[in-house]
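**Q** Mind looking over this structure? Questions follow.
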There are 2 protein chains.
Amino acid sequence: MRIALLGGTGDIGEGLAVRWGRDTDHELLVGSRDPEKARAAADDYAGTVADAGGDATIKGFDNAMAADRADVVVLAVPPYHVADTVEAVADTLDEDDVVVTPAAGMKRDEDGFHYNPPGAGSVTALVRDAVPEGVPVVGAFHNLAAGRLADLSLDLGIDTLVVADDGDAAATVSRLAEEIEGLRALSAGGLANAAEVESVTPLLINVSSNNDDLHDLGVRFE
Amino acid sequence: MRIALLGGTGDIGEGLAVRWGRDTDHELLVGSRDPEKARAAADDYAGTVADAGGDATIKGFDNAMAADRADVVVLAVPPYHVADTVEAVADTLDEDDVVVTPAAGMKRDEDGFHYNPPGAGSVTALVRDAVPEGVPVVGAFHNLAAGRLADLSLDLGIDTLVVADDGDAAATVSRLAEEIEGLRALSAGGLANAAEVESVTPLLINVSSNNDDLHDLGVRFE
């Protein structure tokens with residue numbers, strides 16, 4: 001399978017690229033607005049995977065070309081860039097693709113981080129509204145600490161929550177998630193349930209910052 | 001220590017009563033608007049603890065009398081009864097008490113459960129606004145499945161998140177939480193961070209209902 005990581009030069013893109021690179025045979029397409037940066041990141045990630053004993057196919061492209069070549073397109077961009085990133089690649093998306101959104105809207109004040117969804121109700125809903133009609137959207141990979149994901153020496157042992165209205169797309173993304181060693185995919189239901197999933201992201205930051213010896217937290221449902 | 005469980009005839013009250021009854025020596029005061037129901041529930045819970053080999057002091061009172069006698073007052077009532085329960089016991093609360101709120105506002109639709117906070121921003125904030133000035137408020141015990149808590153044959157192995165603006169009150173409640181076997185208390189910061197904590201309650205229900213073999217879920221931060 002071909003997986004595009006749009007905005008893949010960022011930290012969540014790096015984490016997913018090196019995990020999939022080490023743990024699967026999927027072809028990974030790092031996307032960026034700047035294809036030079038994408039190629040440099042792809043080489044860097046391939047090096048990280050090789051250092052961990054893996055052998056990954058990771059290439060860099062501009063976002064639209066990465067999306068065009070991919071079966072699964074991950075929007076690994078900050079929440080305020082989600083809408084314009086979808087717009088920039090919309091022509092390349094069709095019903096056979098799956099668009100995956102891991103972003104959560106947050107604001108920070110003196111108390112900590114707070115969930116701050118866009119007007120659509122969640123970043124996931126914003127993506128659903130932005131993609132061409134018929135393109136399946138899946139929310140997943142929200143609650144993974146990027147630094148921990150990118151450090152291949154660390155075991156995960158955590159869950160990721162998947163929301164989707166399209167059962168086949170949900171199954172595809174859940175399977176991709178579980179191919180990452182130590183990651184379990186759990187369904188949180190339809191796209192309408194995305195806000196509660198995205199809310200866990202600021203919560204994890206607050207819990208990490210208020211407890212000594214805890215950092216880069218993930219969550220496990222037990 | 002004396003712990004009042006207002007609305008303690010309900011399921012979260014039962015769970016906390018039997019866990020503290022079995023695992024600690026605290027005196028437990030089950031409160032209800034109907035003191036007869038409170039006494040019947042207290043006897044029932046004491047029987048459950050005795051069946052598990054414990055020896056608990058659990059008594060029933062009307063809510064105001066339970067609150068008056070207690071050091072820690074847990075508002076174990078549904079979110080829509082939180083404000084009037086606080087009002088009913090407000091005269092009994094002072095700065096030496098600690099008021100604990102475990103409730104989360106939720107609404108349900110065809111997709112699942114959704115976080116639905118009151119106008120104050122969270123149930124915790126509503127309690128903070130409702131108690132007499134100077135009475136410390138702590139949010140805790142939101143994310144515990146009541147049925148699992150009440151079944152003493154089940155191990156917990158999960159976390160509870162604590163939010164508070166008063167450090168001493170937070171420490172008291174965290175200690176009480178950790179006296180329950182298998183429960184770890186983690187700070188999620190100040191009361192302003194309560195919404196993200198309360199949001200986990202509908203999420204747990206959605207995850208339970210969308211995954212076979214998972215039910216009565218708790219959460220662990222790892």
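A note on labels: chains of the structure tokens are A, B, ... as shown, every chain counts residues from 1, and ligands are counted from 1 in their shown order.
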Would you mind listing what lies within 8 Å of region 206-214 of chain A as JSON, numbers by chain, with only C-alpha atoms counted and same-chain residues fewer than 2 positions away left out?

**A** {"A": [112, 113, 202, 203, 204, 216, 217], "B": [186, 187, 188, 189, 193, 222]}

**Q** Okay, now the selection with all heavy atoms, as a compact mmCIF listing (two decimals), in the first residue's frame?

**A**
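Output contents, as saved in result-v3.txt:
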# COMPACT_ATOMS: atom_id res chain seq x y z
N GLY A 112 -3.12 25.53 31.13
CA GLY A 112 -2.72 24.36 30.37
C GLY A 112 -3.29 24.41 28.98
O GLY A 112 -3.57 25.49 28.45
N PHE A 113 -3.49 23.24 28.40
CA PHE A 113 -4.02 23.15 27.04
C PHE A 113 -5.51 22.81 27.11
O PHE A 113 -5.95 22.08 27.98
CB PHE A 113 -3.27 22.08 26.25
CG PHE A 113 -1.92 22.54 25.78
CD1 PHE A 113 -0.83 22.57 26.64
CD2 PHE A 113 -1.73 22.99 24.49
CE1 PHE A 113 0.41 23.01 26.22
CE2 PHE A 113 -0.49 23.42 24.04
CZ PHE A 113 0.58 23.44 24.91
N PRO A 202 -5.13 17.49 24.19
CA PRO A 202 -4.73 18.45 25.23
C PRO A 202 -4.69 17.81 26.62
O PRO A 202 -3.85 18.19 27.44
CB PRO A 202 -5.80 19.55 25.14
CG PRO A 202 -6.95 18.93 24.41
CD PRO A 202 -6.34 17.93 23.47
N LEU A 203 -5.58 16.86 26.88
CA LEU A 203 -5.56 16.19 28.19
C LEU A 203 -4.22 15.50 28.44
O LEU A 203 -3.65 15.60 29.53
CB LEU A 203 -6.71 15.17 28.27
CG LEU A 203 -6.79 14.38 29.56
CD1 LEU A 203 -7.13 15.28 30.74
CD2 LEU A 203 -7.83 13.25 29.44
N LEU A 204 -3.71 14.81 27.42
CA LEU A 204 -2.43 14.11 27.59
C LEU A 204 -1.32 15.10 27.90
O LEU A 204 -0.43 14.81 28.71
CB LEU A 204 -2.09 13.32 26.33
CG LEU A 204 -2.93 12.07 26.10
CD1 LEU A 204 -2.64 11.47 24.72
CD2 LEU A 204 -2.67 11.03 27.18
N ASP A 216 5.46 12.44 27.35
CA ASP A 216 5.15 11.77 26.08
C ASP A 216 4.11 10.67 26.29
O ASP A 216 4.26 9.55 25.80
CB ASP A 216 6.42 11.18 25.45
CG ASP A 216 7.26 12.26 24.77
OD1 ASP A 216 6.76 13.39 24.63
OD2 ASP A 216 8.39 11.96 24.37
N LEU A 217 3.06 11.00 27.04
CA LEU A 217 2.08 10.00 27.43
C LEU A 217 1.20 9.56 26.26
O LEU A 217 0.84 10.35 25.39
CB LEU A 217 1.15 10.58 28.50
CG LEU A 217 1.71 10.63 29.91
CD1 LEU A 217 0.71 11.31 30.82
CD2 LEU A 217 2.01 9.22 30.42
N LEU B 186 -3.73 10.72 39.04
CA LEU B 186 -2.83 11.61 38.29
C LEU B 186 -3.44 13.00 38.26
O LEU B 186 -4.66 13.15 38.11
CB LEU B 186 -2.65 11.11 36.86
CG LEU B 186 -1.94 9.76 36.69
CD1 LEU B 186 -1.91 9.38 35.21
CD2 LEU B 186 -0.52 9.82 37.24
N SER B 187 -2.61 14.00 38.40
CA SER B 187 -3.11 15.37 38.31
C SER B 187 -3.26 15.79 36.85
O SER B 187 -2.38 15.54 36.03
CB SER B 187 -2.14 16.33 39.00
OG SER B 187 -2.52 17.66 38.71
N ALA B 188 -4.38 16.41 36.54
CA ALA B 188 -4.56 17.03 35.22
C ALA B 188 -4.53 18.55 35.34
O ALA B 188 -4.93 19.25 34.41
CB ALA B 188 -5.85 16.56 34.58
N GLY B 189 -4.04 19.06 36.48
CA GLY B 189 -3.89 20.50 36.64
C GLY B 189 -5.05 21.14 37.39
O GLY B 189 -5.69 20.51 38.23
N ASN B 193 -8.96 22.95 33.74
CA ASN B 193 -8.69 21.83 32.83
C ASN B 193 -9.73 20.72 32.97
O ASN B 193 -9.52 19.61 32.46
CB ASN B 193 -7.29 21.26 33.10
CG ASN B 193 -6.19 22.25 32.80
OD1 ASN B 193 -6.45 23.29 32.17
ND2 ASN B 193 -4.98 21.98 33.25
N GLU B 222 0.03 5.99 29.85
CA GLU B 222 1.29 5.23 29.82
C GLU B 222 2.29 5.84 28.86
O GLU B 222 1.90 6.45 27.88
CB GLU B 222 1.01 3.79 29.39
CG GLU B 222 0.19 3.04 30.43
CD GLU B 222 0.12 1.55 30.16
OE1 GLU B 222 0.44 1.12 29.06
OE2 GLU B 222 -0.29 0.82 31.08

**Q** I need the residues in chain A that are alpha helix (DSSP H) according to DSSP; give them as a PyMOL selection string.

**A** chain A and resi 11-23+35-51+63-69+82-89+123-130+146-150+167-178+194-198+200-210

**Q** Can you list, as a PDB file with C-alpha atoms, in the first residue's frame, every protein, DNA or RNA residue that comes within 7 Å of region 147-149 of chain B when you count only C-alpha atoms, leaving out same-chain residues fewer than 2 positions away?

**A**
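Contents of the output file part_9.pdb:
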ATOM      1  CA  GLY B  15     -18.770   1.691  43.752  1.00  0.00           C
ATOM      2  CA  LEU B  16     -16.809   4.197  45.827  1.00  0.00           C
ATOM      3  CA  LEU B 144     -14.507   4.997  36.478  1.00  0.00           C
ATOM      4  CA  ALA B 145     -17.057   2.560  35.131  1.00  0.00           C
ATOM      5  CA  ASP B 151     -17.842  -5.442  41.613  1.00  0.00           C
ATOM      6  CA  LEU B 152     -15.178  -6.174  44.198  1.00  0.00           C
ATOM      7  CA  LEU B 154     -12.700  -7.164  39.536  1.00  0.00           C
ATOM      8  CA  ASP B 216     -16.834  -1.064  31.609  1.00  0.00           C
TER       9      ASP B 216
END

**Q** Give me the residues within 10 Å of Ala171 (chain B) as a PyMOL selection string, counting only C-alpha atoms and dropping any in the same chain fewer than 3 places off.

**A** chain B and resi 138+162+164+166-168+174-177+185+187

**Q** Nearest to Ser199 (chain B): which of A:Ile158, A:Tyr115, A:Thr101, A:Val123 is it, counting only C-alpha atoms?

**A**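 Closest to Ser199 (chain B), using only C-alpha atoms: A:Tyr115.
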
**Q** Find the residues around region 23-36 of chain A up to 9 Å (only C-alpha atoms counted), leave out those fewer than 4 positions away in its own chain, and share them as number ranges by chain.

**A** A: 1-9, 13-14, 17-19, 40-42, 54-67, 69-70, 176, 179-181

**Q** Taking only C-alpha atoms into account, which of A:Phe221, A:Met106, A:Pro136, A:Tyr80 comes nearest Ile205 (chain B)?

**A** A:Phe221
